[in-house]
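S.K.: File structure_15.cif below, mmCIF, C-alpha atoms:
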```
data_protein
loop_
_atom_site.label_atom_id
_atom_site.label_comp_id
_atom_site.auth_asym_id
_atom_site.auth_seq_id
_atom_site.Cartn_x
_atom_site.Cartn_y
_atom_site.Cartn_z
CA LEU A 762 -72.92 239.50 -44.75
CA ALA A 763 -69.37 239.06 -45.97
CA LYS A 764 -69.01 239.59 -49.70
CA THR A 765 -66.96 237.10 -51.64
CA THR A 766 -64.85 237.49 -54.77
CA GLN A 767 -63.85 234.60 -57.00
CA PRO A 768 -62.40 234.27 -60.49
CA ILE A 769 -65.18 234.11 -63.07
CA SER A 770 -63.73 231.09 -64.82
CA MET A 771 -60.86 228.64 -64.82
CA ASP A 772 -59.62 226.03 -67.27
CA SER A 773 -57.81 222.85 -66.41
CA TYR A 774 -56.97 219.43 -67.81
CA GLU A 775 -57.86 216.00 -66.56
CA GLY A 776 -55.57 214.75 -63.82
CA GLN A 777 -54.40 218.18 -62.73
CA GLU A 778 -54.91 219.75 -59.33
CA VAL A 779 -57.17 222.78 -59.38
CA ASN A 780 -57.07 225.53 -56.78
CA ILE A 781 -59.85 228.10 -56.66
CA THR A 782 -59.30 231.05 -54.37
CA CYS A 783 -62.03 233.12 -52.80
CA SER A 784 -61.52 236.51 -51.14
CA HIS A 785 -63.69 237.50 -48.19
CA ASN A 786 -62.02 240.49 -46.58
CA ASN A 787 -64.97 241.33 -44.32
CA ILE A 788 -65.42 237.89 -42.81
CA ALA A 789 -66.77 238.02 -39.26
CA THR A 790 -65.45 236.14 -36.26
CA ASN A 791 -68.27 233.59 -36.23
CA ASP A 792 -68.42 233.10 -40.01
CA TYR A 793 -67.71 229.75 -41.57
CA ILE A 794 -66.55 229.26 -45.15
CA THR A 795 -68.52 226.86 -47.30
CA TRP A 796 -68.06 225.74 -50.89
CA TYR A 797 -70.78 224.42 -53.16
CA GLN A 798 -70.69 222.80 -56.58
CA GLN A 799 -73.41 223.21 -59.16
CA PHE A 800 -73.95 221.30 -62.37
CA PRO A 801 -76.26 222.68 -65.09
CA SER A 802 -79.95 222.33 -64.24
CA GLN A 803 -79.23 221.00 -60.76
CA GLY A 804 -79.26 222.46 -57.29
CA PRO A 805 -75.96 223.28 -55.58
CA ARG A 806 -74.23 220.47 -53.76
CA PHE A 807 -72.20 220.91 -50.57
CA ILE A 808 -68.49 220.24 -51.03
CA ILE A 809 -66.68 221.32 -47.92
CA GLN A 810 -66.83 223.69 -44.98
CA GLY A 811 -64.20 225.11 -42.67
CA TYR A 812 -63.41 227.76 -40.13
CA LYS A 813 -59.61 227.93 -40.07
CA THR A 814 -56.42 226.18 -41.18
CA LYS A 815 -57.10 223.11 -43.32
CA VAL A 816 -60.03 220.82 -43.82
CA THR A 817 -59.97 217.73 -46.01
CA ASN A 818 -62.66 215.30 -47.05
CA GLU A 819 -62.98 212.65 -49.71
CA VAL A 820 -63.46 215.10 -52.57
CA ALA A 821 -61.57 218.29 -51.71
CA SER A 822 -59.38 220.24 -49.35
CA LEU A 823 -59.99 223.72 -48.02
CA PHE A 824 -57.10 225.93 -47.01
CA ILE A 825 -57.76 228.96 -44.83
CA PRO A 826 -54.92 231.29 -43.81
CA ALA A 827 -54.63 232.68 -40.32
CA ASP A 828 -56.29 235.99 -41.18
CA ARG A 829 -59.23 234.14 -42.78
CA LYS A 830 -59.61 236.85 -45.42
CA SER A 831 -59.38 234.29 -48.17
CA SER A 832 -59.75 230.58 -48.72
CA THR A 833 -58.67 228.12 -51.37
CA LEU A 834 -60.62 225.13 -52.55
CA SER A 835 -58.31 222.42 -53.83
CA LEU A 836 -59.59 219.68 -56.12
CA PRO A 837 -57.00 216.92 -56.58
CA ARG A 838 -56.68 215.25 -59.97
CA VAL A 839 -59.79 216.66 -61.60
CA SER A 840 -61.79 214.72 -64.15
CA LEU A 841 -64.21 215.82 -66.86
CA SER A 842 -67.07 215.35 -64.42
CA ASP A 843 -65.68 218.13 -62.22
CA THR A 844 -66.70 220.68 -64.84
CA ALA A 845 -69.15 222.81 -62.91
CA VAL A 846 -69.64 226.14 -61.19
CA TYR A 847 -68.10 226.45 -57.74
CA TYR A 848 -69.44 228.91 -55.19
CA CYS A 849 -67.75 230.19 -52.05
CA LEU A 850 -70.04 231.43 -49.28
CA VAL A 851 -69.31 232.81 -45.82
CA GLY A 852 -71.67 233.13 -42.90
CA GLY A 853 -72.52 232.22 -39.35
CA ARG A 854 -73.32 228.51 -39.23
CA ALA A 855 -75.18 228.74 -35.97
CA ASP A 856 -77.01 231.90 -36.91
CA SER A 857 -80.59 230.92 -37.63
CA SER A 858 -81.13 234.16 -39.54
CA TYR A 859 -78.21 233.46 -41.86
CA LYS A 860 -79.16 233.57 -45.52
CA LEU A 861 -77.12 231.82 -48.17
CA ILE A 862 -76.24 234.59 -50.61
CA PHE A 863 -74.44 233.42 -53.70
CA GLY A 864 -71.79 235.38 -55.52
CA SER A 865 -70.92 234.94 -59.15
CA GLY A 866 -69.08 231.67 -58.63
CA THR A 867 -66.20 230.18 -60.63
CA ARG A 868 -66.98 228.29 -63.78
CA LEU A 869 -64.45 225.45 -64.02
CA LEU A 870 -63.92 223.75 -67.35
CA VAL A 871 -61.92 220.52 -67.32
CA ARG A 872 -60.59 219.55 -70.73
CA PRO A 873 -59.50 216.05 -71.86
CA GLY B 9 -77.52 212.34 -45.56
CA ALA B 10 -80.02 215.15 -45.60
CA VAL B 11 -82.26 215.07 -48.65
CA VAL B 12 -84.51 217.76 -50.06
CA SER B 13 -87.06 216.76 -52.65
CA GLN B 14 -88.30 219.40 -55.07
CA HIS B 15 -91.27 218.78 -57.34
CA PRO B 16 -91.91 219.07 -60.19
CA SER B 17 -88.50 219.01 -61.85
CA TRP B 18 -89.92 220.81 -64.84
CA VAL B 19 -93.22 222.40 -65.80
CA ILE B 20 -94.64 224.19 -68.81
CA CYS B 21 -97.62 226.44 -68.29
CA LYS B 22 -99.64 228.99 -70.21
CA SER B 23 -99.44 232.70 -69.54
CA GLY B 24 -101.86 233.80 -66.88
CA THR B 25 -101.98 230.50 -65.05
CA SER B 26 -100.47 229.67 -61.66
CA VAL B 27 -97.88 227.06 -60.88
CA LYS B 28 -97.03 225.52 -57.51
CA ILE B 29 -93.60 224.14 -56.68
CA GLU B 30 -93.07 221.95 -53.62
CA CYS B 31 -89.97 221.60 -51.50
CA ARG B 32 -89.79 218.82 -48.93
CA SER B 33 -87.13 217.90 -46.43
CA LEU B 34 -87.29 214.12 -46.37
CA ASP B 35 -85.26 213.13 -43.33
CA PHE B 36 -84.98 216.24 -41.22
CA GLN B 37 -87.07 219.10 -40.00
CA ALA B 38 -86.58 222.50 -41.53
CA THR B 39 -87.86 225.55 -39.74
CA THR B 40 -86.31 227.69 -42.43
CA MET B 41 -86.31 227.18 -46.17
CA PHE B 42 -85.12 229.43 -48.95
CA TRP B 43 -86.29 229.98 -52.51
CA TYR B 44 -83.94 231.00 -55.29
CA ARG B 45 -84.29 231.85 -58.95
CA GLN B 46 -81.54 231.29 -61.46
CA PHE B 47 -81.40 232.54 -65.04
CA PRO B 48 -79.10 230.91 -67.61
CA LYS B 49 -75.41 231.48 -67.01
CA GLN B 50 -76.15 233.46 -63.86
CA SER B 51 -75.81 232.82 -60.16
CA LEU B 52 -78.60 231.92 -57.77
CA MET B 53 -80.64 234.90 -56.65
CA LEU B 54 -82.36 234.64 -53.29
CA MET B 55 -86.06 235.42 -53.60
CA ALA B 56 -87.38 234.79 -50.11
CA THR B 57 -86.89 233.08 -46.80
CA SER B 58 -89.68 230.75 -45.77
CA ASN B 59 -90.31 230.34 -42.06
CA GLU B 60 -92.53 227.58 -40.69
CA GLY B 61 -95.68 228.96 -39.19
CA SER B 62 -95.05 232.57 -40.14
CA LYS B 63 -94.97 234.84 -43.15
CA ALA B 64 -92.13 234.60 -45.60
CA THR B 65 -89.53 237.31 -45.83
CA TYR B 66 -89.02 238.55 -49.36
CA GLU B 67 -85.87 240.07 -50.78
CA GLN B 68 -85.99 243.55 -52.21
CA GLY B 69 -87.58 243.66 -55.63
CA VAL B 70 -89.44 240.34 -55.30
CA GLU B 71 -93.21 240.70 -55.51
CA LYS B 72 -94.77 238.85 -52.61
CA ASP B 73 -98.20 238.79 -54.26
CA LYS B 74 -96.77 237.16 -57.34
CA PHE B 75 -94.59 234.59 -55.60
CA LEU B 76 -96.71 233.13 -52.83
CA ILE B 77 -94.83 231.11 -50.25
CA ASN B 78 -96.41 228.79 -47.73
CA HIS B 79 -94.48 226.88 -45.08
CA ALA B 80 -97.21 225.09 -43.20
CA SER B 81 -95.14 222.26 -41.75
CA LEU B 82 -91.59 221.56 -40.69
CA THR B 83 -90.95 219.53 -43.83
CA LEU B 84 -92.80 221.35 -46.59
CA SER B 85 -92.59 224.74 -48.23
CA THR B 86 -94.38 225.69 -51.42
CA LEU B 87 -93.79 228.45 -53.93
CA THR B 88 -96.70 229.45 -56.14
CA VAL B 89 -95.99 231.60 -59.16
CA THR B 90 -99.27 233.39 -59.77
CA SER B 91 -100.43 234.71 -63.13
CA ALA B 92 -97.23 233.51 -64.71
CA HIS B 93 -95.75 235.35 -67.67
CA PRO B 94 -92.92 234.38 -70.04
CA GLU B 95 -90.47 236.54 -68.07
CA ASP B 96 -91.09 234.28 -65.06
CA SER B 97 -89.52 231.41 -66.97
CA SER B 98 -86.50 230.39 -64.96
CA PHE B 99 -84.90 227.70 -62.82
CA TYR B 100 -86.29 227.77 -59.29
CA ILE B 101 -84.34 226.12 -56.46
CA CYS B 102 -85.21 225.61 -52.83
CA SER B 103 -82.93 225.05 -49.88
CA ALA B 104 -83.64 223.82 -46.39
CA ARG B 105 -81.71 224.48 -43.21
CA ASN B 106 -81.14 221.45 -41.03
CA GLU B 107 -81.46 222.60 -37.44
CA ASP B 108 -79.55 219.57 -36.15
CA SER B 109 -76.50 219.75 -38.40
CA LEU B 110 -76.76 223.50 -39.10
CA GLY B 111 -76.21 222.64 -42.74
CA TYR B 112 -78.12 223.62 -45.84
CA THR B 113 -79.38 221.18 -48.44
CA PHE B 114 -80.66 222.14 -51.86
CA GLY B 115 -83.41 220.67 -53.94
CA SER B 116 -82.75 219.58 -57.50
CA GLY B 117 -84.56 222.58 -58.94
CA THR B 118 -87.63 223.21 -61.07
CA ARG B 119 -87.41 224.42 -64.65
CA LEU B 120 -90.42 226.64 -65.30
CA THR B 121 -91.32 227.58 -68.85
CA VAL B 122 -94.22 229.93 -69.42
CA VAL B 123 -95.59 229.98 -72.95
#
```
What would the structure in this file look like if it were written as structure tokens?
M.R.:
Amino acid sequence: LAKTTQPISMDSYEGQEVNITCSHNNIATNDYITWYQQFPSQGPRFIIQGYKTKVTNEVASLFIPADRKSSTLSLPRVSLSDTAVYYCLVGGRADSSYKLIFGSGTRLLVRP
Amino acid sequence: GAVVSQHPSWVICKSGTSVKIECRSLDFQATTMFWYRQFPKQSLMLMATSNEGSKATYEQGVEKDKFLINHASLTLSTLTVTSAHPEDSSFYICSARNEDSLGYTFGSGTRLTVV
């Protein structure tokens, strides 16, 4: 399983764009990159998933360089409600034996 | 979207008693479910993988006789914390793999407090 490395914490202000980068140097060919968000006392919530280049949905964008050894989650114009822990995971989406192993995550604090 | 219901959301029990936590996939079938434990300010730690119709696979260091897992149907997995002690107090979270979408959905978690 590819190990991931993220910053422990980040601070931002309302309205700013936040970019959280995750390193996964040992990513395998069939591994996807998935980001989850977790609020206190809640289960993680899926944000976005990608394999290469760029993926965008209604809440975030995911940028993946050609070598796929890192990825960046981009949150446009954050609000106070985006304060949460963000986890980056890599693994084989079609692999039925794949286990979601969480790293330390990035604790994002959005200030007024 | 895929929904996983986890029950109860919180429970307080006395030392020495057992507590059962349920995890249900409401609108999809889940051959595989996962159980996690999370202590305050820490990440989720995978405890075991629950497979429908077979024995669960436990991660290293997790006592299988203390944390009993049953996955008797394609929509329900249960975790029973047996002979609970205060150190078992934690936030327990389940996750279910959707075989159609290949995605993973998490329950809302169960806060267990052992007194």
S.K.: Residues of chain A no more than 10 Å from chain B, counting all atoms listed in the file: send them over as a list of chain:residue names.
M.R.: A:Thr795, A:Gln799, A:Pro801, A:Ser802, A:Gln803, A:Gly804, A:Pro805, A:Arg806, A:Phe807, A:Gln810, A:Val846, A:Tyr848, A:Gly853, A:Arg854, A:Ala855, A:Asp856, A:Ser857, A:Ser858, A:Tyr859, A:Lys860, A:Leu861, A:Ile862, A:Phe863, A:Gly864, A:Ser865, A:Gly866, A:Thr867, A:Arg868
S.K.: Find the nearest atom pair between each residue of range 782-842 of chain A and range 766-773 of chain A for residues within 7 Å, count all atoms listed in the file, give distances in Å to one decimal, sort rows by chain and ascending number, and present the table as JSON lines.
M.R.:
```
{"residue": "A:Thr782", "atom": "CA", "partner": "A:Gln767", "partner_atom": "CA", "distance": 6.3}
{"residue": "A:Cys783", "atom": "CA", "partner": "A:Gln767", "partner_atom": "CA", "distance": 4.8}
{"residue": "A:Ser784", "atom": "CA", "partner": "A:Thr766", "partner_atom": "CA", "distance": 5.0}
{"residue": "A:His785", "atom": "CA", "partner": "A:Thr766", "partner_atom": "CA", "distance": 6.7}
```
S.K.: Could you pull out every residue with an atom within 7 Å of (-61.0, 214.8, -53.9), file coordinates, counting only C-alpha atoms, and send them as a VMD selection string?
M.R.: chain A and resid 819 to 821 836 to 837
S.K.: Those same residues - C-alpha atoms - I'd like them written as a PDB file, keeping the file's coordinate frame.
M.R.:
```pdb
ATOM      1  CA  GLU A 819     -62.980 212.650 -49.710  1.00  0.00           C
ATOM      2  CA  VAL A 820     -63.460 215.100 -52.570  1.00  0.00           C
ATOM      3  CA  ALA A 821     -61.570 218.290 -51.710  1.00  0.00           C
ATOM      4  CA  LEU A 836     -59.590 219.680 -56.120  1.00  0.00           C
ATOM      5  CA  PRO A 837     -57.000 216.920 -56.580  1.00  0.00           C
TER       6      PRO A 837
END
```
S.K.: To one decimal place, how far is CA of Tyr793 in chain A from CA of Ala104 in chain B in Å?
M.R.: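 For CA of Tyr793 in chain A relative to CA of Ala104 in chain B, the distance reads 17.7 Å.
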S.K.: In Å, how far is it from CA of Asn106 in chain B to CA of Ala845 in chain A?
M.R.: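 About the pair CA of Asn106 in chain B and CA of Ala845 in chain A: they are 25.0 Å apart.
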S.K.: If the PyMOL selection byres ((chain B and resi 9) around 10) were run on this exact file, what residues would it hold? Put them as a list in words.
M.R.: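 This file gives the following for the PyMOL selection byres ((chain B and resi 9) around 10): Ala10, Val11, Val12, Leu34, Asp35, Phe36 and Thr113 of chain B.
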S.K.: Within 12 Å of Ser91 in chain B, counting all atoms listed in the file, which residues show up once you throw out same-chain ones fewer than 6 positions away? Write them as a PyMOL selection string, please.
M.R.: chain B and resi 21-28+73-76+122-123
S.K.: Please indicate the distance in Å from CA of Gly776 in chain A to CA of Thr833 in chain A, rounded to one decimal place.
M.R.: 18.5 Å
S.K.: Please evaluate the PyMOL selection byres ((chain B and resi 64) around 12) against the structure above and give the resulting residues as JSON, numbers by chain.
M.R.: {"B": [39, 40, 41, 42, 43, 55, 56, 57, 58, 59, 60, 61, 62, 63, 65, 66, 67, 70, 71, 72, 73, 75, 76, 77, 78, 79, 80, 85, 86, 87]}
S.K.: Would you kindly translate the PyMOL selection byres ((chain A and resi 814) around 9) into the concrete residues it picks from this file, as a list in words?
M.R.: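 Listing what the PyMOL selection byres ((chain A and resi 814) around 9) selects in the shown file: Gly811, Tyr812, Lys813, Lys815, Val816, Leu823, Phe824, Ile825, Pro826, Ala827 and Arg829 of chain A.
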S.K.: Give the answer as one residue: which of B:Leu84, B:Asp108, B:Ser97, B:Thr121 has the shortest atom-to-atom distance to Phe47 in chain B, using all atoms listed in the file?
M.R.: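 With all atoms listed in the file as the atom set, the closest residue is B:Ser97.
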